[in-house]
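Trainee: Sending over start39.cif (mmCIF, C-alpha atoms and all ligand atoms).
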data_run
#
loop_
_atom_site.label_atom_id
_atom_site.label_comp_id
_atom_site.auth_asym_id
_atom_site.auth_seq_id
_atom_site.Cartn_x
_atom_site.Cartn_y
_atom_site.Cartn_z
CA MET A 1 -18.72 -7.16 -1.34
CA ARG A 2 -15.29 -5.52 -1.34
CA PRO A 3 -13.00 -3.99 -3.97
CA TYR A 4 -10.44 -6.08 -5.89
CA VAL A 5 -7.06 -5.56 -4.20
CA TYR A 6 -3.66 -5.48 -5.96
CA LEU A 7 -0.59 -5.56 -3.71
CA VAL A 8 2.28 -3.99 -5.67
CA ALA A 9 5.87 -3.60 -4.50
CA ALA A 10 9.50 -3.74 -5.52
CA THR A 11 11.81 -5.94 -3.45
CA THR A 12 15.49 -6.74 -3.25
CA ILE A 13 16.44 -10.36 -3.89
CA ASP A 14 16.34 -10.88 -0.11
CA GLY A 15 12.71 -9.78 0.01
CA ARG A 16 13.15 -6.28 1.45
CA ILE A 17 11.05 -3.33 0.35
CA ALA A 18 13.25 -0.89 2.29
CA SER A 19 16.68 -0.88 3.92
CA TYR A 20 17.20 -0.42 7.66
CA THR A 21 17.40 3.34 7.03
CA GLY A 22 14.07 3.39 5.16
CA TYR A 23 15.67 3.74 1.72
CA SER A 24 13.31 2.16 -0.84
CA ARG A 25 13.99 3.52 -4.33
CA LEU A 26 14.39 0.14 -6.03
CA SER A 27 12.40 0.29 -9.27
CA CYS A 28 13.86 1.25 -12.64
CA PRO A 29 12.00 3.85 -14.76
CA TYR A 30 10.16 1.08 -16.69
CA ASP A 31 8.91 -0.39 -13.43
CA LEU A 32 7.79 3.00 -12.17
CA LYS A 33 5.86 3.45 -15.42
CA ARG A 34 4.21 0.07 -14.79
CA LEU A 35 3.34 1.19 -11.24
CA HIS A 36 1.81 4.41 -12.51
CA SER A 37 -0.26 2.50 -15.10
CA ILE A 38 -1.68 0.43 -12.25
CA ARG A 39 -2.33 3.61 -10.23
CA ALA A 40 -4.23 5.02 -13.23
CA SER A 41 -6.36 1.87 -13.43
CA VAL A 42 -7.53 1.81 -9.79
CA ASP A 43 -9.97 3.91 -7.78
CA ALA A 44 -7.88 4.13 -4.59
CA ILE A 45 -4.32 3.64 -3.29
CA ILE A 46 -3.80 2.50 0.31
CA VAL A 47 -0.62 3.13 2.32
CA GLY A 48 0.32 2.78 5.97
CA ALA A 49 1.56 5.57 8.23
CA ASN A 50 5.26 4.67 8.08
CA THR A 51 5.30 4.74 4.29
CA ALA A 52 3.53 8.11 4.33
CA ILE A 53 5.99 9.49 6.91
CA VAL A 54 9.26 7.97 5.62
CA ASP A 55 8.65 8.40 1.87
CA ASN A 56 6.38 11.46 1.88
CA PRO A 57 4.84 10.07 -1.35
CA ARG A 58 2.58 11.94 -3.76
CA LEU A 59 0.67 8.79 -4.80
CA THR A 60 -0.37 10.48 -8.03
CA VAL A 61 -0.24 9.36 -11.67
CA ARG A 62 2.70 11.07 -13.35
CA TYR A 63 4.60 8.72 -15.67
CA VAL A 64 1.56 7.80 -17.80
CA GLU A 65 -1.62 9.66 -18.77
CA GLY A 66 -4.44 9.05 -16.33
CA LYS A 67 -6.60 10.20 -13.46
CA ASN A 68 -5.27 10.35 -9.90
CA PRO A 69 -7.01 7.80 -7.67
CA MET A 70 -8.18 8.53 -4.15
CA ARG A 71 -5.36 8.29 -1.56
CA VAL A 72 -6.12 6.28 1.55
CA LEU A 73 -3.94 6.48 4.66
CA ILE A 74 -4.23 3.97 7.51
CA ASP A 75 -2.79 5.61 10.59
CA GLY A 76 -4.09 4.29 13.94
CA ALA A 77 -2.60 7.08 16.03
CA LEU A 78 -2.65 9.72 13.26
CA ARG A 79 1.11 10.22 13.50
CA ALA A 80 1.42 11.59 9.96
CA PRO A 81 2.54 15.25 9.96
CA LEU A 82 0.09 17.68 8.35
CA THR A 83 2.86 18.84 5.99
CA LEU A 84 2.94 15.53 4.08
CA ARG A 85 2.24 15.60 0.33
CA ILE A 86 -0.54 13.05 0.81
CA PHE A 87 -2.56 15.90 2.36
CA ASP A 88 -2.10 18.29 -0.57
CA SER A 89 -4.94 19.03 -2.97
CA SER A 90 -3.68 17.03 -5.98
CA ALA A 91 -6.07 14.12 -5.22
CA PRO A 92 -8.78 13.35 -2.66
CA THR A 93 -7.43 11.81 0.55
CA VAL A 94 -9.19 9.64 3.12
CA VAL A 95 -7.74 8.67 6.52
CA PHE A 96 -8.70 5.69 8.67
CA THR A 97 -7.70 6.12 12.29
CA THR A 98 -8.81 5.33 15.86
CA HIS A 99 -9.64 7.12 19.13
CA LYS A 100 -5.86 7.59 19.57
CA ALA A 101 -5.84 10.34 16.92
CA PRO A 102 -5.27 13.89 18.28
CA GLN A 103 -8.47 15.97 17.94
CA ASP A 104 -6.69 19.10 16.71
CA LYS A 105 -5.11 17.16 13.85
CA ILE A 106 -8.46 15.63 12.90
CA HIS A 107 -10.09 19.08 12.75
CA GLU A 108 -7.26 20.61 10.73
CA LEU A 109 -7.40 17.81 8.17
CA GLN A 110 -11.20 18.00 7.97
CA LYS A 111 -10.90 21.74 7.28
CA ARG A 112 -8.66 20.87 4.33
CA GLY A 113 -11.28 18.48 2.94
CA VAL A 114 -9.67 15.23 4.09
CA LYS A 115 -12.33 12.66 5.02
CA ILE A 116 -11.52 10.99 8.36
CA TYR A 117 -12.98 7.70 9.59
CA ILE A 118 -12.45 7.11 13.31
CA THR A 119 -12.94 3.40 13.86
CA GLU A 120 -13.63 1.51 17.08
CA GLY A 121 -10.91 -0.58 18.69
CA GLU A 122 -7.17 -0.17 19.08
CA THR A 123 -6.36 -0.76 15.41
CA VAL A 124 -8.15 -0.24 12.10
CA ASP A 125 -9.89 -3.30 10.71
CA PRO A 126 -8.77 -3.64 7.05
CA ALA A 127 -12.06 -5.35 6.13
CA TYR A 128 -13.87 -2.24 7.39
CA VAL A 129 -11.60 -0.07 5.24
CA LEU A 130 -12.44 -2.07 2.11
CA ASP A 131 -16.15 -2.20 2.94
CA THR A 132 -16.26 1.58 3.47
CA LEU A 133 -14.38 2.23 0.23
CA TYR A 134 -16.68 -0.15 -1.67
CA LYS A 135 -19.72 1.80 -0.42
CA GLN A 136 -18.10 4.94 -1.86
CA GLY A 137 -17.90 3.32 -5.30
CA VAL A 138 -14.32 2.06 -5.09
CA ARG A 139 -14.01 -1.19 -7.06
CA LYS A 140 -10.23 -1.55 -7.47
CA VAL A 141 -7.61 -0.82 -4.84
CA LEU A 142 -3.82 -0.65 -5.06
CA LEU A 143 -2.16 -1.60 -1.78
CA GLU A 144 1.25 0.15 -1.86
CA GLY A 145 2.66 -0.95 1.48
CA GLY A 146 4.58 -0.89 3.57
CA GLY A 147 5.29 -4.24 5.14
CA ARG A 148 3.06 -3.95 8.20
CA THR A 149 0.09 -2.75 6.12
CA ASN A 150 0.66 -5.54 3.60
CA TRP A 151 0.49 -8.01 6.51
CA GLU A 152 -2.75 -6.47 7.80
CA PHE A 153 -4.50 -7.16 4.48
CA LEU A 154 -2.76 -10.34 3.34
CA SER A 155 -3.02 -12.16 6.68
CA LYS A 156 -6.78 -11.59 6.57
CA CYS A 157 -6.97 -12.82 3.00
CA LEU A 158 -7.95 -9.41 1.66
CA VAL A 159 -5.57 -9.35 -1.33
CA ASP A 160 -6.46 -10.74 -4.77
CA GLU A 161 -3.26 -10.24 -6.75
CA ILE A 162 0.39 -9.63 -5.90
CA ILE A 163 2.59 -7.89 -8.47
CA LEU A 164 6.15 -8.07 -7.28
CA THR A 165 9.21 -6.63 -8.99
CA VAL A 166 12.40 -8.32 -7.86
CA THR A 167 15.30 -5.91 -8.26
CA PRO A 168 19.03 -6.80 -8.32
CA TYR A 169 19.90 -5.54 -4.83
CA VAL A 170 20.49 -6.95 -1.34
CA PHE A 171 19.77 -5.04 1.90
CA GLY A 172 20.55 -7.75 4.45
CA ARG A 173 18.12 -6.20 6.89
CA GLY A 174 15.29 -3.72 6.72
CA VAL A 175 11.56 -3.91 6.00
CA SER A 176 10.24 -7.11 4.46
CA LEU A 177 7.46 -7.22 1.88
CA VAL A 178 5.18 -8.51 4.64
CA GLU A 179 5.87 -7.64 8.30
CA GLY A 180 3.70 -9.28 10.94
CA ALA A 181 3.37 -12.02 13.51
CA GLY A 182 4.31 -14.51 10.79
CA PHE A 183 3.28 -18.02 9.82
CA ALA A 184 5.03 -21.07 11.30
CA THR A 185 4.78 -23.22 8.16
CA THR A 186 3.55 -22.96 4.59
CA GLU A 187 0.41 -24.81 5.72
CA ASP A 188 -0.52 -22.05 8.18
CA THR A 189 -1.27 -19.28 5.70
CA PRO A 190 -5.00 -18.57 5.23
CA PHE A 191 -4.30 -18.05 1.52
CA ALA A 192 -2.61 -19.83 -1.39
CA LEU A 193 -0.55 -18.14 -4.11
CA THR A 194 -0.68 -19.24 -7.73
CA LEU A 195 2.01 -17.98 -10.08
CA HIS A 196 0.24 -16.28 -12.98
CA SER A 197 3.11 -14.79 -15.00
CA ILE A 198 6.81 -13.95 -15.06
CA LYS A 199 8.14 -11.07 -17.12
CA LEU A 200 11.66 -9.79 -17.58
CA CYS A 201 11.55 -6.02 -17.23
CA GLU A 202 12.52 -3.92 -20.28
CA CYS A 203 15.67 -2.88 -18.33
CA GLY A 204 16.85 -6.51 -18.42
CA GLN A 205 17.66 -6.57 -14.68
CA GLU A 206 14.30 -6.79 -12.88
CA VAL A 207 11.74 -9.60 -12.87
CA VAL A 208 8.02 -8.93 -12.54
CA LEU A 209 6.11 -11.75 -10.86
CA LYS A 210 2.32 -11.89 -10.77
CA TYR A 211 0.54 -14.15 -8.28
CA HIS A 212 -3.15 -14.76 -7.80
CA VAL A 213 -4.18 -15.06 -4.17
CA SER A 214 -7.00 -17.37 -3.12
CA CYS A 215 -8.42 -17.92 0.36
CA LYS A 216 -8.13 -21.45 1.69
CA HIS A 217 -11.37 -21.23 3.70
N1 LIG A 301 9.81 -0.92 -2.23
C1 LIG A 301 8.49 -0.77 -2.22
O1 LIG A 301 7.79 -1.18 -3.14
C2 LIG A 301 7.84 -0.08 -1.07
C3 LIG A 301 8.56 0.24 0.07
N2 LIG A 301 7.93 0.81 1.14
C4 LIG A 301 8.72 1.07 2.35
O2 LIG A 301 8.14 0.42 3.47
C5 LIG A 301 8.56 1.09 4.66
C6 LIG A 301 7.41 1.19 5.64
O3 LIG A 301 6.90 -0.08 5.95
P1 LIG A 301 6.44 -0.42 7.45
O4 LIG A 301 7.43 0.12 8.40
O5 LIG A 301 6.15 -1.88 7.52
O6 LIG A 301 5.15 0.43 7.67
P2 LIG A 301 3.76 0.73 6.94
O7 LIG A 301 3.97 1.73 5.86
O8 LIG A 301 3.03 -0.50 6.63
O9 LIG A 301 3.01 1.52 8.11
C7 LIG A 301 2.74 0.86 9.32
C8 LIG A 301 1.99 1.81 10.20
O10 LIG A 301 0.73 2.11 9.59
C9 LIG A 301 -0.28 2.15 10.55
N3 LIG A 301 -1.20 1.03 10.32
C10 LIG A 301 -1.13 0.10 9.33
N4 LIG A 301 -2.16 -0.78 9.44
C11 LIG A 301 -2.85 -0.38 10.52
C12 LIG A 301 -4.03 -0.88 11.15
N5 LIG A 301 -4.67 -1.94 10.71
N6 LIG A 301 -4.48 -0.23 12.25
C13 LIG A 301 -3.84 0.86 12.72
N7 LIG A 301 -2.74 1.40 12.17
C14 LIG A 301 -2.26 0.77 11.07
C15 LIG A 301 0.42 2.03 11.90
O11 LIG A 301 0.75 3.34 12.31
C16 LIG A 301 1.67 1.25 11.57
O12 LIG A 301 2.70 1.46 12.49
C17 LIG A 301 9.07 2.46 4.22
O13 LIG A 301 10.47 2.53 4.44
C18 LIG A 301 8.76 2.53 2.73
O14 LIG A 301 9.76 3.21 2.04
C19 LIG A 301 6.60 1.10 1.12
C20 LIG A 301 5.85 0.80 0.01
C21 LIG A 301 6.41 0.19 -1.17
N1 LIG A 302 6.54 -0.23 -6.89
C1 LIG A 302 7.41 0.52 -6.15
N2 LIG A 302 8.72 0.47 -6.43
C2 LIG A 302 9.59 1.16 -5.68
O1 LIG A 302 10.89 1.08 -5.94
C3 LIG A 302 9.14 1.97 -4.64
N3 LIG A 302 10.02 2.67 -3.89
C4 LIG A 302 7.74 2.02 -4.42
N4 LIG A 302 7.28 2.81 -3.43
C5 LIG A 302 5.93 3.24 -3.36
O2 LIG A 302 5.75 4.43 -4.13
C6 LIG A 302 5.55 5.53 -3.25
C7 LIG A 302 6.18 6.79 -3.81
O3 LIG A 302 5.23 7.36 -4.64
P1 LIG A 302 5.41 8.78 -5.36
O4 LIG A 302 6.47 8.62 -6.42
O5 LIG A 302 5.81 9.80 -4.35
O6 LIG A 302 4.07 9.06 -5.97
C8 LIG A 302 6.11 5.08 -1.94
O7 LIG A 302 5.62 5.75 -0.84
C9 LIG A 302 5.65 3.64 -1.93
O8 LIG A 302 4.28 3.50 -1.67
N5 LIG A 302 6.91 1.27 -5.17
#
Go ahead and render the structure in this file as structure tokens.
Mentor:
Amino acid sequence: MRPYVYLVAATTIDGRIASYTGYSRLSCPYDLKRLHSIRASVDAIIVGANTAIVDNPRLTVRYVEGKNPMRVLIDGALRAPLTLRIFDSSAPTVVFTTHKAPQDKIHELQKRGVKIYITEGETVDPAYVLDTLYKQGVRKVLLEGGGRTNWEFLSKCLVDEIILTVTPYVFGRGVSLVEGAGFATTEDTPFALTLHSIKLCECGQEVVLKYHVSCKH
């Protein structure tokens, strides 16, 4: 058993979630409200190290009423500086890392109440992350990127729903919604997407697409 996983992001029309400089503020206020409603409905939010470092996000519920979910950072080498907001006391934070993590950083975070899982291997197995969270009572997870982390979960068929807001911008290069080794053809994906709904955002300029993800095998 594992939690239900929503992958939520805002992209440009050329499929980028960030520009080549890391700029990623794409969503309008209505879309941010939608994002925060999803945050309020889940038990945990997962982000990768680059998102934590580049954006320094709070990952809290602010634009709607609701409880802050647990924040989960996947950071194989524990590169995230201790000064990041994700390590403040506004919500519980859990880190999944590997033997590459510096010991002094681990101890400092543990002192602050951050739960650290040091997993075997060179990278963190996303299935292990979900299994561990499930055992802690987490039933719904919001995967908030970035591209590499989205790949880690999606390529292993560990996403159930994708909620994508397409915004009226073009970056030309930057970080794609999913950043990994890639698939050669549409046949090669281990999953299939089914369009569930299309909604024009209240701002009139953004389109919210919902896809259900099913595993082929
Ligand atoms: N527009 C949007 O909706 C969003 C945009 N972003 C943007 O995405 C960009 C970051 O995306 P990426 O560079 O693709 O990085 P990322 O945020 O996915 O982080 C990748 C890093 O996380 C760690 N990591 C992830 N999975 C791991 C695993 N299985 N094992 C070990 N370590 C693992 C590694 O350190 C890896 O280098 C940022 O610029 C951010 O602003 C992020 C979220 C949403
Ligand atoms: N859905 C969505 N739309 C955007 O335009 C975004 N830039 C993001 N980014 C995600 O939100 C995090 C920032 O969260 P806080 O406002 O600091 O709580 C950022 O790190 C991405 O995960 N998402």
Trainee: Given a cut-off of 10 Å, what residues near ligand LIG 302 (chain A) show up using all atoms listed in the file, put as a PyMOL selection string?
Mentor: chain A and resi 7-12+17-18+22-29+31-36+38-39+45-63+85-86+142-146+163-167
Trainee: Which distance in Å separates atom CA of A:Val141 and atom C19 of ligand LIG 301 (chain A), to one decimal?
Mentor: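 So the answer is 15.5 Å.
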Trainee: Please measure the separation of atom C19 of ligand LIG 301 (chain A) and atom CA of A:Leu154, giving the value in Å to one decimal.
Mentor: 14.9 Å
Trainee: So, with only C-alpha atoms as the atoms that count, which of A:Val72, A:Leu109, A:Ile162, A:Val5 lies closest to A:Leu177?
Mentor: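 Looking only at the distances to A:Leu177, the closest residue turns out to be A:Ile162.
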Trainee: Skip A:Ser197 itself and residues of its chain fewer than 4 positions away, then list as a count of residues only all residues within 9 Å of it, counting all atoms listed in the file.
Mentor: 4
